[in-house]
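Data first, discussion second: the structure below is written as structure tokens.
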Amino acid sequence: MSLQGGFEVDSEARMHEPPEIRLGGDVARAFAHYPPERAAHEIATHLRKFWEPRMRAAVVARVAQGDSRVDPLLAEAVRRYLAGDIDSGEIAEPSGG
Amino acid sequence: MTTTTPRSGGPAPGLAPEPDYGTPAVRGEATAGVTVDGRHVQVPPGTSVMRAAREAGIEIPKLCATDRLAAFGSCRLCVVEVDGAKGVPASCTTPCVDGMVVRTDTEQVRQVRHGVMELYLSDHPADCAGCARGSCEMQDLARRTGVAQVRYGLVDTPTATHVDGGAARDVSNPYFDYDPQACIVCSRCVRACADIQGTFALTVQGRGFDARIAPGPTDFLGSECVSCGACVQACPTDALVEKSVVQLGMPTRAVDTTCAYCGVGCSFRAEVQGSGPETRVVRMMPSKAGGANEGHSCVKGRFAYGYANHPDRQMHPMVRDSIDQEWRVVSWEEAVTRVADGFRAVQAEHGVGSIGGISSSRCTNEEVYVVQKMVRAAFGNNNIDTCARVCHSPTGYGLSQTFGTSAGTQDFASVDETDVMLLIGANPTDAHPVFGSRMKRRLRQGAQIIIADPRRIDLVRTPHVEAAHHLPLLPGSNVAFINAMAHTIVSEGLHDEQFLRERCEDVEDYLQFIVREENSPETTAEATGIPPEQLRAAARLFAAAPNGSIYYGLGVTEHSQGSTMVMGLANLAMVTGNIGRPGVGVNPLRGQNNVQGSCDMGSFPHELPGYRHVGLDDVRDIYESLWHVTISPQPGLRIPNMFDAAIGGTFKGVFVHGEDIAQSDPNLHHVRQALTSMDLVVVQDLFLNETAKYAHVFLPGSSFLEKDGTFTNAERRLNRVRPVMPSLVGKDEWQIVCDIATAMGYPMHYESAAQIMDEIAATTPTFAGVSFARLDEEGSMQWPVNDKAPHGTPTMHVDGFVRGKGRLVPTVYVPTTETTNRRYPLVLTTGRILTQYNVGAQTRRTANSTWHPEDVLEMHPADAQMRGISTGDRVELSSRVGVTTLTALVSDRMQPGVVYTTFHHPVSGTNVITTENSDWATNCPEYKVTAVQVAVANAGRADLAARAGTDTVDPVAGVADAEVARR
Ligand code: SF4
Ligand code: SF4
Ligand code: FES
């Protein structure tokens with residue numbers, strides 16, 4: 001079987017997840033194949049590049065609350081994001097989509 | 001039948017048809033010198049004498065020849081004398097050789113022609129309505145060959161004598177008639193159907209004088225005919241004629257413009273009568289000069305333009321205070337003030353970011369540009385998104401990450417040089433018909449095709465075309481599939497090492513990743529359902545092709561891993577060295593006419609025009625100094641985020657430009673909840689669409705026949721859209737947008753659409769060389785158009801990638817979370833049909849509905865039988881989010897476990913059941929995979945209805961907003 005990303009996902013439960021947890025989980029799964037450091041960095045950069053500030057604020061708040069539905073990798077990325085640990089040069093890359 | 005004032009044949013003034021050279025152009029150097037009637041001309045060897053003569057300015061009479069078809073040599077009207085040759089050869093089938101001397105008007109030639117023409121006329125009705133009207137060439141030819149005196153001395157007083165009492169007129173097709181009596185059996189239509197369209201619906205039946213063409217054993221409507229119109233266009237007589245020409249008579253004026261339906265972007269000559277708002281379209285004739293279509297068309301562009309004056313069309317601005325009230329017609333001034341004041345009021349109460357706009361891929365580049373400008377400059381935020389979000393946003397992300405820009409790499413003509421095509425998640429013969437015909441032509445010439453699609457689409461087997469491989473992969477397994485293709489190629493050493501070494505980066509990491517066992521055809525077979533040996537064979541075929549090309553559509557993008565899959569396709573092209581020359585490349589087939597353009601024009605919330613991130617200071621500087629505003633460096637909301645924010649209470653107003661989000665977006669229940677949560681919904685459209693049901697202000701739009709601007713097709717080609725009449729609602733759409741911005745306190749003024757394009761060119765390097773004047777000169781141009789490529793760029797990434805080196809990205813397969821279970825054991829996937837377009841707002845309002853009056857649910861016989869369903873039954877289709885009712889079509893085109901439908905009709909509400917699952921990178925909805933159950937209608941409905949609509953959101957209190965937003 002191929003890599004699953006990391007986390008068992010229950011499609012029923014997902015439907016009732018708030019968007020920032022659901023969408024954040026999707027991003028996390030897409031980068032989960034990288035070593036943890038790199039993965040967290042990629043996720044944080046993605047949020048910085050593509051997420052509107054209120055969505056970022058929402059996911060930050062979920063992490064601050066310790067919401068158990070937040071993907072652990074996503075939580076790590078959010079901590080990194082808050083620490084300002086993102087190379088701003090990366091957004092100079094063409095972004096698309 | 002109405003006959004109009006008899007005209008003496010020939011075109012109306014100013015309406016000269018495009019010249020017909022009689023036979024197709026021959027490629028090569030013009031090394032053959034030929035003398036025709038004393039005039040000298042140089043042509044490539046092999047050019048027909050007929051074509052050479054035409055190039056020398058001499059038109060040889062012809063019946064069976066036309067330059068879109070290979071010469072046939074059957075009518076012998078085109079005979080000439082050639083020095084040193086015996087007799088009178090047909091000029092259409094005689095190739096030029098250097099030094100040839102040709103005479104087209106000798107006594108002998110005249111005699112033969114006269115005889116031929118007499119014979120044809122003896123079988124042509126003397127009262128031919130087309131001859132009188134000017135839509136039949138026979139009378140004109142009779143005159144030119146000197147037969148007219150004999151037969152047509154009294155042409156204006158038709159007699160009732162018919163040549164034969166034979167077959168009746170076939171009026172079954174809603175757009176054209178076939179009159180066997182006027183047919184001269186030149187077989188141009190038969191050859192057009194075969195060679196140009198590739199459908200092979202027509203044949204010649206009978207012999208001698210009794211011979212006629214026929215659409216098989218049935219009438220036109222019941223036949224295989226796809227109504228592309230190629231036969232009608234090819235017919236030199238009135239035997240095949242547009243109904244509109246019969247009804248309205250010949251056009252008096254023509255305007256060159258572009259089809260507003262699909263991403264092929266066909267050029268048309270709109271032939272019309274009358275002027276100003278009274279203009280009537282007589283017919284749309286595909287232009288041979290059209291870069292995308294080269295004279296071909298499909299049933300949508302050719303015939304389905306009638307929606308533009310359908311009675312449902314809205315002509316006046318309307319307002320209402322709440323959505324349960326009746327609409328009230330108001331003046332433009334009042335509507336604009338209402339919108340501007342309303343948006344400002346929302347912002348005063350809920351903040352700058354509480355409103356936004358959605359631009360349309362159906363609108364022109366100029367309209368899209370001003371909409372994003374209004375949002376960024378007048379609204380003061382980046383909450384601008386486009387409907388491309390729900391179709392090709394993953395193309396943007398995937399191709400940008402790998403190649404450096406968001407666009408297909410080739411022109412359409414590139415397919416003529418390809419050896420093996422990989423087609424995945426696209427159904428060109430239905431969704432991109434004119435390009436589909438081009439593919440079929442190339443396949444008949446001997447190229448091969450690998451088709452990866454859950455459904456057996458027409459291209460798998462169609463007359464004279466058979467796919468080398470049809471890989472019926474399971475919906476949702478695209479990435480596993482593409483990895484297995486690359487795995488096979490790399491692990492068997494079939495990859496292009498030199499290309500990878502010289503042109504690409506991150507190569508080692510990727511190669512290590514792809515050869516891992518998890519990506520092998522054997523391991524992925526469980527996910528894809530494809531037998532490993534078949535996949536390996538397909539991979540070897542693709543790798544061995546001198547030119548391998550990839551064509552894909554929404555079956556690639558509309559998945560939870562849509563962006564990953566686009567990168568996977570780019571990887572495959574790089575691994576096999578198939579980038580940077582004609583015949584290869586990665587080619588997204590765009591859905592709507594201006595998907596490419598609307599993306600190019602900066603209507604993504606994180607990008608300014610030309611795919612430049614809003615976070616880049618130097619890019620913002622360009623616009624800030626020109627627009628005199630400060631632009632937010634933060635990305636705005638995407639369409640699905642807007643819905644979420646609306647339900648969460650922070651997004652309260654939206655301007656929806658020419659889009660029907662309440663029909664086209666997934667999980668409609670959620671969309672409707674979002675729309676009803678807003679204080680001000682403004683919709684601009686031709687019709688009161690589904691979204692308008694939730695709107696407070698309705699602004700009437702203009703049809704493409706009323707627009708001045710440009711569309712950019714799937715091959716990056718900018719085509720001009722020219723108005724055949726002024727806007728029937730009194731204001732151009734770009735003007736309305738400028739008025740709203742101005743009323744909001746941000747003055748926006750342009751003299752014309754051309755001036756908007758000038759601003760685009762001045763601010764976006766890839767469009768630097770574009771202007772309406774340059775486009776009018778060139779016909780069309782493919783971006784980038786700049787100093788380095790003043791005529792545009794047919795093939796991209798020739799010497800280097802836009803981003804420098806091509807980047808290989810490890811594409812790990814992550815299965816979708818939308819999984820089947822006992823309750824929802826089937827997978828629903830969605831698609832399109834030839835005669836309908838998108839949500840059907842236009843095509844449903846034309847005779848195209850003759851062919852597709854409703855959306856049907858296709859399912860495999862095994863699945864149907866198990867549920868006691870047969871074709872024609874009403875069935876209930878339910879998913880985790882909703883339920884709808886459709887008519888079943890049992891079909892072995894489907895594989896067991898997969899069902900299929902289209903979303904052209906609002907009553908079927910297909911998107912009631914699609915979920916909000918989306919591409920991880922772009923939020924493009926996962927339309928292509930929904931776990932469903934199907935049952936005979938009325939079984940267990942209550943339970944499902946109760947389950948639908950449990951869409952709950954518990955918004956989190958935004959902590960540290962300001963803090964977060966600064967980053
Ligand atoms: S229908 Fe027209 S094109 Fe076809 S064979 Fe008859 S005359 Fe020729
Ligand atoms: S192929 Fe597309 S662009 Fe061409 S006529 Fe048909 S709908 Fe229009
Ligand atoms: S036109 Fe040449 S043979 Fe008919």
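FYI, nothing fancy with the structure tokens labels: chains A, B, ... in order, residues from 1 per chain, ligands from 1 as they appear.
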
If we count only C-alpha atoms, what is near stretch 407-422 of chain B at a cut-off of 8 Å, once residues fewer than 5 positions away on the same chain are taken out, given as an NGL selection string? :B and (292 or 395-396 or 399 or 435 or 438-439 or 442 or 446-452 or 541-542 or 545-551 or 579-580 or 582-588 or 596 or 714-716 or 794-797)

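For B:Val681, the non-local neighbours within 6 Å, defined as residues at least 2 positions apart in the same chain or in other chains and counting only C-alpha atoms, are B:Gly653, B:Val654, B:Ala695, B:His696.
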
Those same residues, written as a compact mmCIF listing (two decimals), in the first residue's frame with C-alpha atoms?
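Result file selection_10.txt:
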# COMPACT_ATOMS: atom_id res chain seq x y z
CA GLY B 653 -20.86 41.02 0.83
CA VAL B 654 -19.89 39.64 -2.56
CA ALA B 695 -29.02 38.22 -4.58
CA HIS B 696 -30.06 41.69 -3.48

Would you mind listing the residues within 10 Å of ligand 1, counting only C-alpha atoms and all ligand atoms, as a ChimeraX atom specification? /B:63-64,124,136-138,177-193,202-204,211-214,230-241

As a VMD selection string, please: all residues of stretch 186-235 of chain B that backbone DSSP puts in strand (DSSP E or B). chain B and resid 203 to 205 212 to 214

Would you mind listing the residues within 8 Å of ligand 3, counting only C-alpha atoms and all ligand atoms, as an MDAnalysis selection string? chainID B and resid 22 50 61:66 71:79 90:93 186

Would you save the residues of that selection, restricted to all heavy atoms, as a compact mmCIF listing (two decimals), in the first residue's frame?
# COMPACT_ATOMS: atom_id res chain seq x y z
N GLY B 22 -8.81 25.86 -53.12
CA GLY B 22 -9.15 24.62 -53.82
C GLY B 22 -8.54 23.37 -53.24
O GLY B 22 -9.20 22.35 -53.11
N MET B 50 -4.42 23.89 -59.38
CA MET B 50 -5.53 24.76 -59.01
C MET B 50 -5.10 25.80 -57.98
O MET B 50 -5.41 26.99 -58.09
CB MET B 50 -6.67 23.91 -58.42
CG MET B 50 -7.84 24.73 -57.90
SD MET B 50 -9.12 23.66 -57.24
CE MET B 50 -9.96 23.21 -58.76
N PRO B 61 -12.85 27.27 -62.09
CA PRO B 61 -14.13 26.76 -61.56
C PRO B 61 -13.95 25.37 -60.96
O PRO B 61 -13.18 24.56 -61.49
CB PRO B 61 -15.03 26.70 -62.79
CG PRO B 61 -14.38 27.55 -63.82
CD PRO B 61 -12.92 27.56 -63.52
N LYS B 62 -14.64 25.11 -59.86
CA LYS B 62 -14.48 23.82 -59.20
C LYS B 62 -15.77 23.46 -58.48
O LYS B 62 -16.52 24.34 -58.07
CB LYS B 62 -13.33 23.90 -58.18
CG LYS B 62 -13.55 24.95 -57.10
CD LYS B 62 -12.33 25.07 -56.23
CE LYS B 62 -12.58 25.97 -55.04
NZ LYS B 62 -12.91 27.37 -55.40
N LEU B 63 -16.01 22.20 -58.33
CA LEU B 63 -17.17 21.77 -57.54
C LEU B 63 -16.77 20.85 -56.40
O LEU B 63 -17.19 21.03 -55.27
CB LEU B 63 -18.19 21.05 -58.44
CG LEU B 63 -19.26 21.94 -59.06
CD1 LEU B 63 -20.13 21.14 -60.01
CD2 LEU B 63 -20.13 22.59 -57.98
N CYS B 64 -15.94 19.87 -56.70
CA CYS B 64 -15.66 18.89 -55.64
C CYS B 64 -14.44 19.27 -54.81
O CYS B 64 -14.11 18.60 -53.86
CB CYS B 64 -15.51 17.49 -56.23
SG CYS B 64 -14.05 17.27 -57.25
N ALA B 65 -13.75 20.34 -55.17
CA ALA B 65 -12.54 20.71 -54.45
C ALA B 65 -12.80 21.87 -53.50
O ALA B 65 -13.61 22.75 -53.79
CB ALA B 65 -11.44 21.09 -55.43
N THR B 66 -12.13 21.84 -52.34
CA THR B 66 -12.12 22.97 -51.43
C THR B 66 -10.85 22.83 -50.61
O THR B 66 -10.37 21.71 -50.39
CB THR B 66 -13.38 23.02 -50.54
OG1 THR B 66 -13.27 24.11 -49.63
CG2 THR B 66 -13.57 21.72 -49.75
N ALA B 71 -7.71 16.80 -52.40
CA ALA B 71 -8.39 16.80 -53.68
C ALA B 71 -8.98 15.42 -53.97
O ALA B 71 -8.46 14.39 -53.54
CB ALA B 71 -7.42 17.19 -54.78
N PHE B 72 -10.06 15.42 -54.72
CA PHE B 72 -10.83 14.20 -54.92
C PHE B 72 -10.90 13.88 -56.42
O PHE B 72 -10.93 12.73 -56.82
CB PHE B 72 -12.22 14.46 -54.34
CG PHE B 72 -13.05 13.25 -54.15
CD1 PHE B 72 -12.57 12.14 -53.45
CD2 PHE B 72 -14.35 13.21 -54.63
CE1 PHE B 72 -13.37 11.03 -53.24
CE2 PHE B 72 -15.16 12.10 -54.43
CZ PHE B 72 -14.67 11.01 -53.73
N GLY B 73 -10.97 14.94 -57.24
CA GLY B 73 -10.92 14.77 -58.68
C GLY B 73 -12.13 14.10 -59.28
O GLY B 73 -12.01 13.30 -60.21
N SER B 74 -13.32 14.40 -58.78
CA SER B 74 -14.48 13.67 -59.30
C SER B 74 -15.33 14.49 -60.27
O SER B 74 -15.98 13.92 -61.13
CB SER B 74 -15.34 13.16 -58.15
OG SER B 74 -16.05 14.23 -57.57
N CYS B 75 -15.35 15.81 -60.15
CA CYS B 75 -16.34 16.55 -60.94
C CYS B 75 -15.83 16.92 -62.34
O CYS B 75 -16.60 17.09 -63.26
CB CYS B 75 -16.79 17.81 -60.20
SG CYS B 75 -15.56 19.13 -60.18
N ARG B 76 -14.54 17.06 -62.47
CA ARG B 76 -13.89 17.39 -63.74
C ARG B 76 -14.31 18.76 -64.28
O ARG B 76 -14.20 19.04 -65.46
CB ARG B 76 -14.12 16.30 -64.78
CG ARG B 76 -13.43 15.01 -64.38
CD ARG B 76 -12.98 14.14 -65.51
NE ARG B 76 -12.49 14.76 -66.73
CZ ARG B 76 -11.23 15.07 -66.95
NH1 ARG B 76 -10.32 14.85 -66.02
NH2 ARG B 76 -10.87 15.59 -68.08
N LEU B 77 -14.77 19.61 -63.40
CA LEU B 77 -15.09 20.97 -63.84
C LEU B 77 -13.82 21.80 -63.92
O LEU B 77 -13.76 22.82 -64.60
CB LEU B 77 -16.06 21.60 -62.83
CG LEU B 77 -16.70 22.91 -63.25
CD1 LEU B 77 -17.62 22.68 -64.44
CD2 LEU B 77 -17.48 23.54 -62.11
N CYS B 78 -12.79 21.36 -63.24
CA CYS B 78 -11.60 22.20 -63.06
C CYS B 78 -10.51 21.90 -64.07
O CYS B 78 -9.35 22.21 -63.83
CB CYS B 78 -11.06 21.99 -61.65
SG CYS B 78 -10.38 20.33 -61.42
N VAL B 79 -10.87 21.27 -65.19
CA VAL B 79 -9.84 20.85 -66.15
C VAL B 79 -9.04 22.03 -66.69
O VAL B 79 -9.53 23.16 -66.76
CB VAL B 79 -10.47 20.07 -67.31
CG1 VAL B 79 -11.03 18.75 -66.83
CG2 VAL B 79 -11.52 20.92 -68.01
N ALA B 90 -7.47 17.28 -64.56
CA ALA B 90 -8.13 18.06 -63.51
C ALA B 90 -7.05 18.84 -62.74
O ALA B 90 -6.06 18.25 -62.29
CB ALA B 90 -8.89 17.13 -62.57
N SER B 91 -7.24 20.12 -62.60
CA SER B 91 -6.20 20.94 -61.98
C SER B 91 -6.07 20.67 -60.49
O SER B 91 -5.04 20.91 -59.88
CB SER B 91 -6.46 22.42 -62.23
OG SER B 91 -7.69 22.80 -61.61
N CYS B 92 -7.14 20.17 -59.85
CA CYS B 92 -7.07 19.97 -58.40
C CYS B 92 -6.22 18.77 -58.03
O CYS B 92 -5.69 18.70 -56.93
CB CYS B 92 -8.47 19.84 -57.80
SG CYS B 92 -9.39 18.41 -58.40
N THR B 93 -6.09 17.82 -58.97
CA THR B 93 -5.31 16.62 -58.65
C THR B 93 -3.97 16.59 -59.38
O THR B 93 -3.24 15.62 -59.29
CB THR B 93 -6.10 15.34 -59.01
OG1 THR B 93 -6.59 15.48 -60.33
CG2 THR B 93 -7.24 15.10 -58.05
N CYS B 186 -21.03 15.82 -54.93
CA CYS B 186 -19.61 16.16 -55.02
C CYS B 186 -18.84 15.50 -53.88
O CYS B 186 -17.63 15.44 -53.90
CB CYS B 186 -19.43 17.66 -54.93
SG CYS B 186 -19.91 18.33 -53.33

As number ranges by chain, please: the residues near A:Glu52 (cut-off 10 Å, only C-alpha atoms, same-chain neighbours under 6 positions excluded). B: 353, 382-383, 605-606, 634-638, 641, 965
